[in-house]
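Coordinates from run_3.cif are shown below (mmCIF, C-alpha atoms).
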data_target
loop_
_atom_site.label_atom_id
_atom_site.label_comp_id
_atom_site.auth_asym_id
_atom_site.auth_seq_id
_atom_site.Cartn_x
_atom_site.Cartn_y
_atom_site.Cartn_z
CA MET A 1 0.00 0.00 0.00
CA TYR A 2 2.93 2.31 0.74
CA GLU A 3 3.72 2.91 -2.93
CA ARG A 4 0.06 3.68 -3.63
CA VAL A 5 -0.40 6.40 -1.03
CA ARG A 6 -0.57 9.21 -3.60
CA GLU A 7 -3.09 7.21 -5.61
CA ILE A 8 -5.23 6.89 -2.48
CA GLY A 9 -4.86 10.64 -1.93
CA THR A 10 -5.98 11.28 -5.50
CA ILE A 11 -9.09 9.10 -5.40
CA ALA A 12 -10.00 10.44 -1.95
CA GLY A 13 -9.30 14.00 -3.10
CA ILE A 14 -11.66 13.79 -6.04
CA GLY A 15 -14.43 12.57 -3.78
CA THR A 16 -14.33 8.79 -3.40
CA LEU A 17 -16.05 7.99 -0.11
CA PRO A 18 -13.98 6.27 2.60
CA ASN A 19 -16.15 3.12 2.59
CA ARG A 20 -15.74 2.89 -1.19
CA ILE A 21 -11.95 3.07 -0.82
CA LEU A 22 -12.21 0.32 1.80
CA SER A 23 -14.22 -1.90 -0.53
CA LEU A 24 -11.88 -1.17 -3.46
CA PHE A 25 -8.90 -2.48 -1.52
CA LEU A 26 -10.81 -5.47 -0.12
CA VAL A 27 -12.07 -6.47 -3.56
CA GLU A 28 -8.57 -6.08 -4.95
CA GLY A 29 -7.23 -8.37 -2.19
CA VAL A 30 -9.87 -11.02 -2.90
CA LEU A 31 -9.26 -10.80 -6.66
CA LEU A 32 -5.50 -11.13 -6.17
CA GLY A 33 -6.13 -14.23 -4.06
CA ALA A 34 -8.54 -15.63 -6.66
CA VAL A 35 -6.10 -15.03 -9.51
CA GLY A 36 -3.28 -16.56 -7.46
CA ALA A 37 -5.42 -19.60 -6.60
CA ALA A 38 -6.48 -20.04 -10.25
CA ALA A 39 -2.85 -19.77 -11.39
CA GLY A 40 -1.83 -22.32 -8.76
CA VAL A 41 -4.58 -24.75 -9.78
CA LEU A 42 -3.67 -24.43 -13.46
CA ALA A 43 0.05 -24.89 -12.78
CA GLY A 44 -0.65 -27.88 -10.53
CA ALA A 45 -3.00 -29.46 -13.09
CA GLY A 46 -0.38 -28.94 -15.78
CA ILE A 47 2.33 -30.62 -13.73
CA ILE A 48 0.02 -33.55 -12.89
CA LEU A 49 -0.89 -33.92 -16.55
CA VAL A 50 2.76 -33.89 -17.65
CA LEU A 51 3.75 -36.46 -15.02
CA ASN A 52 0.92 -38.76 -16.08
CA VAL A 53 1.66 -38.45 -19.79
CA TRP A 54 5.44 -38.84 -19.48
CA LYS A 55 5.23 -41.69 -16.97
CA VAL A 56 8.13 -40.41 -14.92
CA SER A 57 9.69 -43.13 -12.76
CA VAL A 58 11.96 -42.70 -9.71
CA HIS A 59 13.82 -44.69 -7.06
CA PHE A 60 12.57 -43.54 -3.67
CA GLY A 61 15.01 -43.54 -0.75
CA GLY A 62 17.64 -45.57 -2.55
CA SER A 63 15.18 -48.40 -3.14
CA LEU A 64 15.92 -50.70 -6.05
CA GLN A 65 12.28 -50.78 -6.94
CA LEU A 66 11.23 -48.32 -9.62
CA PHE A 67 8.09 -46.33 -8.91
CA VAL A 68 6.12 -44.83 -11.78
CA LEU A 69 4.64 -41.50 -10.71
CA SER A 70 0.94 -41.26 -11.32
CA PRO A 71 -0.19 -38.27 -9.23
CA ARG A 72 -3.84 -37.45 -8.66
CA VAL A 73 -5.52 -34.78 -6.64
CA ASP A 74 -8.93 -34.81 -5.15
CA LEU A 75 -11.30 -32.06 -6.32
CA PHE A 76 -12.19 -31.30 -2.69
CA GLU A 77 -8.52 -30.60 -1.92
CA VAL A 78 -8.29 -28.23 -4.89
CA VAL A 79 -11.36 -26.35 -3.72
CA LEU A 80 -10.15 -26.28 -0.11
CA ALA A 81 -6.71 -24.96 -1.10
CA SER A 82 -8.24 -22.34 -3.38
CA VAL A 83 -10.70 -21.14 -0.74
CA THR A 84 -7.88 -20.98 1.81
CA VAL A 85 -5.69 -18.87 -0.48
CA ILE A 86 -8.55 -16.47 -1.23
CA ALA A 87 -9.50 -16.22 2.44
CA VAL A 88 -5.91 -15.53 3.52
CA SER A 89 -5.58 -12.90 0.81
CA ALA A 90 -8.85 -11.25 1.88
CA VAL A 91 -7.86 -11.21 5.55
CA ALA A 92 -4.41 -9.84 4.68
CA SER A 93 -5.99 -6.98 2.74
CA VAL A 94 -8.23 -5.84 5.62
CA GLN A 95 -5.58 -3.86 7.47
CA PRO A 96 -4.24 -1.93 4.44
CA ALA A 97 -7.82 -1.37 3.23
CA VAL A 98 -8.82 0.14 6.57
CA ARG A 99 -5.69 2.29 6.61
CA ALA A 100 -6.36 3.51 3.08
CA SER A 101 -9.95 4.41 3.88
CA ARG A 102 -8.90 6.36 6.98
CA MET A 103 -6.11 8.27 5.30
CA GLU A 104 -6.48 12.05 5.12
CA PRO A 105 -6.30 12.99 1.43
CA ILE A 106 -4.06 15.97 2.08
CA ASP A 107 -1.47 13.78 3.86
CA ALA A 108 -1.65 11.17 1.11
CA LEU A 109 -1.28 13.79 -1.63
CA ARG A 110 1.83 15.20 0.06
CA HIS A 111 3.40 11.75 0.13
CA VAL A 112 6.53 11.58 -2.02
CA MET B 113 -21.45 38.46 -13.51
CA ARG B 114 -18.52 40.77 -12.94
CA PRO B 115 -16.81 41.23 -9.60
CA VAL B 116 -16.97 44.63 -8.02
CA LEU B 117 -13.60 46.26 -7.55
CA ALA B 118 -12.66 46.65 -3.92
CA MET B 119 -9.80 48.73 -2.63
CA PRO B 120 -7.10 46.27 -1.67
CA LYS B 121 -5.99 46.10 1.92
CA ALA B 122 -3.47 43.47 2.97
CA GLY B 123 -5.07 40.59 4.83
CA ASP B 124 -8.62 41.66 4.03
CA LEU B 125 -9.41 41.88 0.37
CA THR B 126 -13.09 41.12 0.49
CA GLY B 127 -15.06 42.58 -2.39
CA ALA B 128 -18.81 42.96 -2.78
CA ARG B 129 -20.39 40.08 -4.70
CA ASP B 130 -23.77 38.96 -5.89
CA VAL B 131 -23.47 35.25 -5.08
CA SER B 132 -20.39 34.00 -3.28
CA VAL B 133 -19.03 30.56 -4.02
CA VAL B 134 -16.20 31.07 -1.55
CA ARG B 135 -16.37 33.18 1.59
CA ALA B 136 -13.27 33.03 3.77
CA THR B 137 -12.84 35.17 6.84
CA ASP B 138 -9.56 35.49 8.70
CA VAL B 139 -8.49 31.99 7.74
CA THR B 140 -5.20 30.75 9.16
CA LYS B 141 -3.34 27.50 8.70
CA THR B 142 -0.50 26.40 10.92
CA TYR B 143 1.50 23.23 10.45
CA ALA B 144 3.66 21.58 13.07
CA THR B 145 6.69 19.98 11.43
CA ASP B 146 9.19 18.25 13.72
CA GLY B 147 7.97 20.32 16.65
CA VAL B 148 8.34 23.58 14.70
CA GLU B 149 5.20 25.54 13.91
CA VAL B 150 4.93 26.96 10.41
CA GLN B 151 2.24 29.52 9.66
CA ALA B 152 1.28 28.83 6.07
CA LEU B 153 -1.71 31.21 6.03
CA ARG B 154 -1.99 34.27 8.28
CA GLY B 155 -5.52 35.60 8.18
CA ILE B 156 -6.89 35.31 4.67
CA SER B 157 -10.22 36.96 3.96
CA VAL B 158 -11.59 36.64 0.47
CA ASP B 159 -14.97 36.55 -1.17
CA VAL B 160 -15.23 34.92 -4.57
CA ALA B 161 -18.30 35.39 -6.75
CA ALA B 162 -19.81 32.46 -8.60
CA GLY B 163 -18.51 32.39 -12.15
CA SER B 164 -15.20 34.06 -11.33
CA PHE B 165 -12.05 33.33 -13.30
CA LEU B 166 -9.51 34.12 -10.64
CA ALA B 167 -5.81 33.55 -10.10
CA PHE B 168 -3.72 33.48 -6.95
CA ILE B 169 -0.15 34.42 -7.73
CA GLY B 170 2.92 34.71 -5.56
CA PRO B 171 6.30 33.16 -4.95
CA SER B 172 6.72 29.45 -4.20
CA GLY B 173 5.94 28.74 -0.57
CA SER B 174 3.75 31.82 -0.22
CA GLY B 175 0.66 29.76 0.65
CA LYS B 176 -1.17 29.51 -2.70
CA THR B 177 -1.42 25.71 -2.70
CA THR B 178 -2.36 25.63 0.99
CA LEU B 179 -5.16 28.09 0.27
CA LEU B 180 -6.40 25.97 -2.64
CA ASN B 181 -6.30 22.87 -0.42
CA LEU B 182 -8.49 24.60 2.16
CA LEU B 183 -10.92 25.89 -0.46
CA GLY B 184 -11.12 22.35 -1.87
CA CYS B 185 -11.92 20.82 1.57
CA LEU B 186 -8.78 18.73 1.36
CA ASP B 187 -7.61 20.33 4.58
CA LYS B 188 -9.15 22.40 7.38
CA PRO B 189 -8.20 25.87 8.56
CA SER B 190 -6.56 26.23 11.97
CA SER B 191 -8.88 29.17 12.63
CA GLY B 192 -11.30 31.44 10.83
CA SER B 193 -14.47 30.70 8.95
CA LEU B 194 -14.74 29.20 5.49
CA GLU B 195 -17.83 28.72 3.39
CA VAL B 196 -17.67 27.02 0.01
CA ALA B 197 -20.80 26.88 -2.16
CA GLY B 198 -22.86 27.94 0.83
CA THR B 199 -21.55 25.17 3.08
CA ASP B 200 -19.51 25.73 6.22
CA VAL B 201 -16.77 23.30 5.24
CA THR B 202 -14.95 23.57 8.58
CA ARG B 203 -17.71 21.43 10.10
CA LEU B 204 -17.61 18.59 7.58
CA ASP B 205 -16.25 15.23 8.73
CA ARG B 206 -14.07 13.14 6.41
CA ARG B 207 -16.98 11.38 4.73
CA GLN B 208 -19.03 14.55 4.29
CA ALA B 209 -16.01 16.40 2.93
CA ALA B 210 -15.40 13.62 0.37
CA ALA B 211 -19.05 13.68 -0.73
CA PHE B 212 -18.90 17.49 -0.98
CA ARG B 213 -15.75 17.41 -3.10
CA GLY B 214 -17.17 14.74 -5.38
CA ALA B 215 -20.39 16.64 -5.96
CA ARG B 216 -19.18 20.25 -6.16
CA ILE B 217 -15.44 20.54 -6.81
CA GLY B 218 -13.06 19.61 -9.60
CA PHE B 219 -9.31 19.47 -9.00
CA VAL B 220 -6.33 19.84 -11.26
CA PHE B 221 -3.40 18.80 -9.11
CA GLN B 222 0.05 20.26 -9.65
CA SER B 223 1.59 16.90 -10.50
CA PHE B 224 -1.42 15.59 -12.50
CA ASN B 225 -2.05 12.66 -10.12
CA LEU B 226 -3.42 10.36 -12.77
CA ILE B 227 -4.06 6.77 -11.72
CA PRO B 228 -1.22 4.80 -13.32
CA VAL B 229 -3.11 1.57 -14.03
CA LEU B 230 -5.96 3.33 -15.85
CA THR B 231 -5.99 4.61 -19.43
CA ALA B 232 -6.56 8.29 -20.24
CA PHE B 233 -10.24 7.49 -20.91
CA GLU B 234 -10.62 5.59 -17.65
CA ASN B 235 -8.87 8.32 -15.66
CA VAL B 236 -11.35 10.89 -16.93
CA GLU B 237 -14.22 8.47 -16.43
CA TYR B 238 -13.19 7.58 -12.87
CA PRO B 239 -15.14 10.31 -10.98
CA LEU B 240 -18.25 9.58 -13.03
CA VAL B 241 -18.04 5.87 -12.12
CA MET B 242 -16.76 5.83 -8.58
CA VAL B 243 -17.97 9.16 -7.26
CA GLN B 244 -21.07 10.23 -9.15
CA GLU B 245 -22.19 6.78 -10.39
CA ARG B 246 -23.43 8.01 -13.77
CA PRO B 247 -24.85 5.56 -16.34
CA ALA B 248 -22.40 4.08 -18.88
CA ARG B 249 -23.77 5.88 -21.93
CA GLU B 250 -23.67 9.30 -20.28
CA ARG B 251 -20.15 8.60 -19.03
CA ARG B 252 -18.89 7.69 -22.46
CA GLU B 253 -20.43 10.76 -24.07
CA ARG B 254 -19.06 13.14 -21.46
CA VAL B 255 -15.59 11.61 -21.37
CA LEU B 256 -15.21 11.63 -25.15
CA GLU B 257 -16.51 15.19 -25.31
CA LEU B 258 -13.92 16.36 -22.79
CA LEU B 259 -11.06 14.36 -24.29
CA GLU B 260 -11.95 15.83 -27.67
CA ALA B 261 -12.03 19.32 -26.19
CA VAL B 262 -8.54 18.99 -24.71
CA GLY B 263 -7.21 17.30 -27.87
CA MET B 264 -6.64 13.90 -26.27
CA ALA B 265 -9.35 11.76 -27.90
CA ASP B 266 -6.82 9.94 -30.08
CA GLN B 267 -4.68 9.11 -27.01
CA ARG B 268 -7.54 7.79 -24.92
CA ASP B 269 -6.30 4.20 -24.67
CA LYS B 270 -2.84 5.14 -23.44
CA ARG B 271 -1.77 4.84 -19.83
CA PRO B 272 -0.16 7.81 -18.06
CA GLU B 273 3.34 6.34 -18.45
CA GLN B 274 2.86 6.50 -22.23
CA LEU B 275 1.88 10.18 -22.18
CA SER B 276 4.03 13.32 -22.12
CA GLY B 277 3.74 15.85 -19.27
CA GLY B 278 1.52 18.12 -21.34
CA GLN B 279 -0.74 15.24 -22.33
CA LYS B 280 -1.08 14.13 -18.71
CA GLN B 281 -1.97 17.69 -17.79
CA ARG B 282 -4.73 17.75 -20.39
CA VAL B 283 -6.15 14.46 -19.13
CA ALA B 284 -6.07 15.85 -15.58
CA ILE B 285 -7.95 18.96 -16.77
CA ALA B 286 -10.55 16.79 -18.53
CA ARG B 287 -11.01 14.75 -15.34
CA ALA B 288 -11.57 17.93 -13.31
CA LEU B 289 -14.19 19.23 -15.73
CA VAL B 290 -16.04 15.99 -16.54
CA THR B 291 -18.27 16.11 -13.45
CA ARG B 292 -19.36 19.66 -14.34
CA PRO B 293 -18.42 20.98 -10.91
CA GLU B 294 -19.45 24.36 -9.51
CA LEU B 295 -15.89 25.14 -8.54
CA VAL B 296 -12.64 24.10 -10.21
CA LEU B 297 -9.39 24.47 -8.29
CA ALA B 298 -6.34 24.21 -10.47
CA ASP B 299 -2.75 24.29 -9.31
CA GLU B 300 -0.50 25.33 -12.20
CA PRO B 301 -2.86 23.81 -14.78
CA THR B 302 -1.00 25.07 -17.84
CA ALA B 303 2.58 24.74 -16.61
CA ASN B 304 3.41 21.87 -18.97
CA LEU B 305 1.43 23.01 -21.98
CA ASP B 306 2.78 24.62 -25.13
CA GLY B 307 1.40 28.00 -26.16
CA GLU B 308 -1.34 26.76 -28.46
CA THR B 309 -2.55 24.00 -26.11
CA ALA B 310 -2.53 26.38 -23.14
CA HIS B 311 -4.59 28.86 -25.13
CA THR B 312 -7.10 26.13 -26.14
CA THR B 313 -7.34 24.86 -22.56
CA ILE B 314 -7.91 28.32 -21.11
CA ALA B 315 -10.55 28.97 -23.78
CA LEU B 316 -12.28 25.68 -22.85
CA MET B 317 -12.39 26.65 -19.19
CA LYS B 318 -13.72 30.11 -20.03
CA THR B 319 -16.42 28.58 -22.19
CA MET B 320 -17.42 26.36 -19.27
CA ARG B 321 -17.52 29.39 -17.04
CA ASP B 322 -19.65 31.32 -19.53
CA GLU B 323 -22.05 28.47 -20.28
CA ALA B 324 -22.33 26.71 -16.92
CA GLY B 325 -21.26 29.43 -14.49
CA THR B 326 -18.38 27.30 -13.22
CA THR B 327 -15.97 29.17 -10.96
CA PHE B 328 -12.27 28.71 -11.71
CA LEU B 329 -9.59 29.42 -9.12
CA PHE B 330 -5.96 29.01 -10.11
CA ALA B 331 -2.71 28.97 -8.19
CA THR B 332 -0.15 29.84 -10.79
CA HIS B 333 3.02 31.51 -11.98
CA ASP B 334 1.99 31.15 -15.61
CA THR B 335 1.59 34.51 -17.32
CA ARG B 336 -0.89 32.98 -19.77
CA ILE B 337 -3.32 32.14 -16.96
CA ILE B 338 -2.61 35.42 -15.18
CA GLY B 339 -3.35 37.27 -18.41
CA ALA B 340 -6.63 35.40 -18.83
CA ALA B 341 -7.77 35.81 -15.22
CA GLU B 342 -10.33 38.48 -14.47
CA ILE B 343 -9.16 38.94 -10.89
CA VAL B 344 -5.63 38.36 -9.67
CA TYR B 345 -4.75 38.09 -6.00
CA THR B 346 -1.19 38.22 -4.81
CA VAL B 347 -0.27 35.87 -1.97
CA GLU B 348 2.87 36.61 -0.01
CA ASP B 349 3.99 35.05 3.22
CA GLY B 350 0.55 33.57 3.88
CA ARG B 351 -1.33 36.82 3.32
CA LEU B 352 -3.26 38.37 0.47
CA THR B 353 -1.26 41.48 -0.28
CA GLY B 354 -2.79 42.66 -3.51
CA ARG B 355 -5.79 42.44 -5.75
CA ARG B 356 -6.23 43.68 -9.24
CA GLU B 357 -8.63 43.33 -12.08
CA GLY B 358 -7.24 41.30 -14.94
CA ARG B 359 -7.02 42.50 -18.49
CA SER B 360 -9.61 40.00 -19.79
#

So that I can check it, write out the structure of this file as structure tokens.
Amino acid sequence: MYERVREIGTIAGIGTLPNRILSLFLVEGVLLGAVGAAAGVLAGAGIILVLNVWKVSVHFGGSLQLFVLSPRVDLFEVVLASVTVIAVSAVASVQPAVRASRMEPIDALRHV
Amino acid sequence: MRPVLAMPKAGDLTGARDVSVVRATDVTKTYATDGVEVQALRGISVDVAAGSFLAFIGPSGSGKTTLLNLLGCLDKPSSGSLEVAGTDVTRLDRRQAAAFRGARIGFVFQSFNLIPVLTAFENVEYPLVMVQERPARERRERVLELLEAVGMADQRDKRPEQLSGGQKQRVAIARALVTRPELVLADEPTANLDGETAHTTIALMKTMRDEAGTTFLFATHDTRIIGAAEIVYTVEDGRLTGRREGRS
């Protein structure tokens, strides 16, 4: 938020209400979490797909037996992880959102 | 509506007016910086008629920007009374002040203050979306009209980082005018504009004043604005020390 102080001063200065600034930052936090979760799901699905297509095999723990990797992930785990990421992101954005909404525009506009 | 000439008297340059959009009486502003008190304004009294085209001039640090900040409800006086558009703005809380600014005042900030992630179009549209909540069709019409008027319609999809200083300034001017405010406060609005663009921009603002009765208050060193202003106040050391009728 620090690097966006002047931006906050500008939107507050031209009349954006404090509760609107609060919701802007909260929505941004949730969207960042959602985009991050979606990117993580896509990357994970891609890796799983590649491992299943290429039939990668490894020796675990020095074992002589060869294991063929065939990873799978439960849909519930994907949803749980995604919801957790979004929730953490939303919670993490509360404090900066509150600070932004309480900032005096004149102080924010003076910020260098 | 022409202002009535008043004999200037340092610190109290109130002139008779028909309808005042700004009425400041003995306004002071004191800042405390690192335990040191700085008196930015020392008893400003000024009465500005609706529809004025007025410039505050004076050396850097004289208090012009501080005065504009107070008139724009971005800051509060340390003492004195201040009415803007008939509202005692010293009594407004943060939320009320924001609503007042959004409904009545347009700002052209000294350093443009465009939102970096938005295009020129979106920057001008912002107050219509987030502050005044106008319908999409009206927004588009108004934004394009203003961008056309400031000669930026063909640059509307560019972000601020892709624009020159003068282009950013024109977008900032369009953003200030798009809400059709009663009062426009502009800090060095033509500083980065070439002669022709400055002339066009000043003409646009005068047209708005003539057609909609918008009041324009400038803090400036720019002789082009000073020449176009109908009233010029001199600010020195936090006081109004002179007032003269402009040539326009």

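Counting only C-alpha atoms and comparing B:Lys141, B:Arg287, B:Arg355, B:Arg336, the residue that lies closest to Leu259 in chain B is B:Arg287.
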
What are the nearest atom pairs, with distances in Å to one decimal, for all residues of chain A that come at most 7 Å from chain B, using only C-alpha atoms, set out by chain and rising residue number as a tab-separated table?
residue	atom	partner	partner_atom	distance
A:Glu7	CA	B:Ile227	CA	6.2
A:Thr10	CA	B:Asn225	CA	6.2
A:Ala12	CA	B:Ala210	CA	6.7
A:Gly13	CA	B:Leu186	CA	6.5
A:Ile14	CA	B:Gly214	CA	5.6
A:Gly15	CA	B:Gly214	CA	3.8
A:Thr16	CA	B:Val243	CA	5.3
A:Leu17	CA	B:Ala210	CA	5.7
A:Pro18	CA	B:Arg207	CA	6.3
A:Pro105	CA	B:Leu186	CA	6.3
A:Ile106	CA	B:Leu186	CA	5.5

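From CA of Ser172 in chain B back to CA of Glu149 in chain B, the distance works out to 18.6 Å.
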
- Task: Determine, counting only C-alpha atoms, which protein, DNA and RNA residues have an atom within 12 Å of an atom of Ala197 in chain B; residues of the same chain fewer than 4 positions away are not included. Present the result as a list in words.
- Result: Val131, Ser132, Val133, Val134, Arg135, Ala136, Asp159, Val160, Ala161, Ala162, Gly163, Leu183, Gly184, Cys185, Val201, Phe212, Arg213, Ala215, Arg216, Ile217, Pro293, Glu294, Leu295, Val296, Thr326 and Thr327 of chain B

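Proximity to Glu245 in chain B was assessed for B:Gln222, B:Gln279, B:Thr291, B:Thr313 counting all atoms listed in the file; the smallest distance is recorded for B:Thr291.
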
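Minimum atom-to-atom distance to Gly29 in chain A, evaluated using only C-alpha atoms, belongs to A:Ala92 out of A:Ala92, A:Val58, A:Ala100, A:Ala43.
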
- Task: Kindly resolve the PyMOL selection byres ((chain B and resi 264) around 12) on the present coordinates and return the residues as JSON, numbers by chain.
- Result: {"B": [231, 232, 233, 236, 255, 256, 257, 258, 259, 260, 261, 262, 263, 265, 266, 267, 268, 269, 270, 275, 276, 278, 279, 280, 281, 282, 283, 284, 285, 286, 287, 309, 313]}

- Name the residues in contact with Tyr143 in chain B at a cut-off of 12 Å, using all atoms listed in the file, excluding same-chain residues fewer than 5 positions from it; report them as a VMD selection string. (chain A and resid 107) or (chain B and resid 148 to 154 175 178 187 to 190)

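Interatomic distance, CA of Leu51 in chain A against CA of Val73 in chain A: 12.6 Å.
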
- Item | Expected residue set, 9 Å radius at (-10.9, 2.8, 5.7), only C-alpha atoms, as a count of residues only | 15

- Query: For Gly307 in chain B, which residue out of B:Gly147, B:Ala324, B:Ile337, B:Ala331 is the nearest one, using all atoms listed in the file?
  - Reply: B:Ile337

- For CA of Thr140 in chain B and CA of Ile11 in chain A, quote the distance in Å rounded to one decimal. 26.4 Å

- Query: Can you list, as JSON, numbers by chain, every protein, DNA or RNA residue that comes within 8 Å of Val85 in chain A when you count all atoms listed in the file, leaving out same-chain residues fewer than 2 positions away?
  - Reply: {"A": [33, 34, 36, 37, 81, 82, 83, 87, 88, 89]}

Now that the selection is made, can you save its residues with C-alpha atoms as a CSV table (one decimal), in the coordinates of the input?
chain,number,residue,atom,x,y,z
A,33,GLY,CA,-6.1,-14.2,-4.1
A,34,ALA,CA,-8.5,-15.6,-6.7
A,36,GLY,CA,-3.3,-16.6,-7.5
A,37,ALA,CA,-5.4,-19.6,-6.6
A,81,ALA,CA,-6.7,-25.0,-1.1
A,82,SER,CA,-8.2,-22.3,-3.4
A,83,VAL,CA,-10.7,-21.1,-0.7
A,87,ALA,CA,-9.5,-16.2,2.4
A,88,VAL,CA,-5.9,-15.5,3.5
A,89,SER,CA,-5.6,-12.9,0.8

- Query: Could you write out as an NGL selection string the residues that the PyMOL selection byres ((chain A and resi 111) around 9) matches in the shown file?
  - Reply: :A and (5-6 or 9 or 106-110 or 112)

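When all atoms listed in the file are used to compute distances to Asn52 in chain A, the closest of the residues A:Val94, A:Val68, A:Ala39, A:Leu75 turns out to be A:Val68.
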
Range 261-267 of chain B written out with all heavy atoms as a short mmCIF file (atom, residue, chain, number, x, y, z; two decimals), in the first residue's frame:
data_model
loop_
_atom_site.label_atom_id
_atom_site.label_comp_id
_atom_site.auth_asym_id
_atom_site.auth_seq_id
_atom_site.Cartn_x
_atom_site.Cartn_y
_atom_site.Cartn_z
N ALA B 261 -12.23 17.89 -26.45
CA ALA B 261 -12.03 19.32 -26.19
C ALA B 261 -10.60 19.65 -25.80
O ALA B 261 -10.09 20.73 -26.13
CB ALA B 261 -12.99 19.78 -25.09
N VAL B 262 -9.94 18.73 -25.10
CA VAL B 262 -8.54 18.99 -24.71
C VAL B 262 -7.56 18.36 -25.71
O VAL B 262 -6.35 18.33 -25.46
CB VAL B 262 -8.23 18.49 -23.27
CG1 VAL B 262 -9.06 19.23 -22.25
CG2 VAL B 262 -8.41 16.98 -23.14
N GLY B 263 -8.07 17.85 -26.82
CA GLY B 263 -7.21 17.30 -27.87
C GLY B 263 -6.55 15.99 -27.51
O GLY B 263 -5.44 15.69 -27.96
N MET B 264 -7.24 15.17 -26.71
CA MET B 264 -6.64 13.90 -26.27
C MET B 264 -7.48 12.68 -26.68
O MET B 264 -7.20 11.58 -26.22
CB MET B 264 -6.47 13.91 -24.74
CG MET B 264 -5.34 14.79 -24.26
SD MET B 264 -3.72 14.20 -24.81
CE MET B 264 -3.61 12.66 -23.91
N ALA B 265 -8.47 12.88 -27.54
CA ALA B 265 -9.35 11.76 -27.90
C ALA B 265 -8.56 10.63 -28.56
O ALA B 265 -8.83 9.45 -28.33
CB ALA B 265 -10.47 12.25 -28.81
N ASP B 266 -7.58 10.98 -29.38
CA ASP B 266 -6.82 9.94 -30.08
C ASP B 266 -5.80 9.23 -29.17
O ASP B 266 -5.20 8.25 -29.56
CB ASP B 266 -6.11 10.54 -31.30
CG ASP B 266 -5.19 11.69 -30.92
OD1 ASP B 266 -5.39 12.27 -29.83
OD2 ASP B 266 -4.28 12.00 -31.70
N GLN B 267 -5.62 9.73 -27.97
CA GLN B 267 -4.68 9.11 -27.01
C GLN B 267 -5.42 8.41 -25.87
O GLN B 267 -4.82 8.09 -24.86
CB GLN B 267 -3.76 10.19 -26.40
CG GLN B 267 -3.07 11.10 -27.38
CD GLN B 267 -1.97 10.38 -28.14
OE1 GLN B 267 -1.25 9.58 -27.57
NE2 GLN B 267 -1.87 10.66 -29.42
#
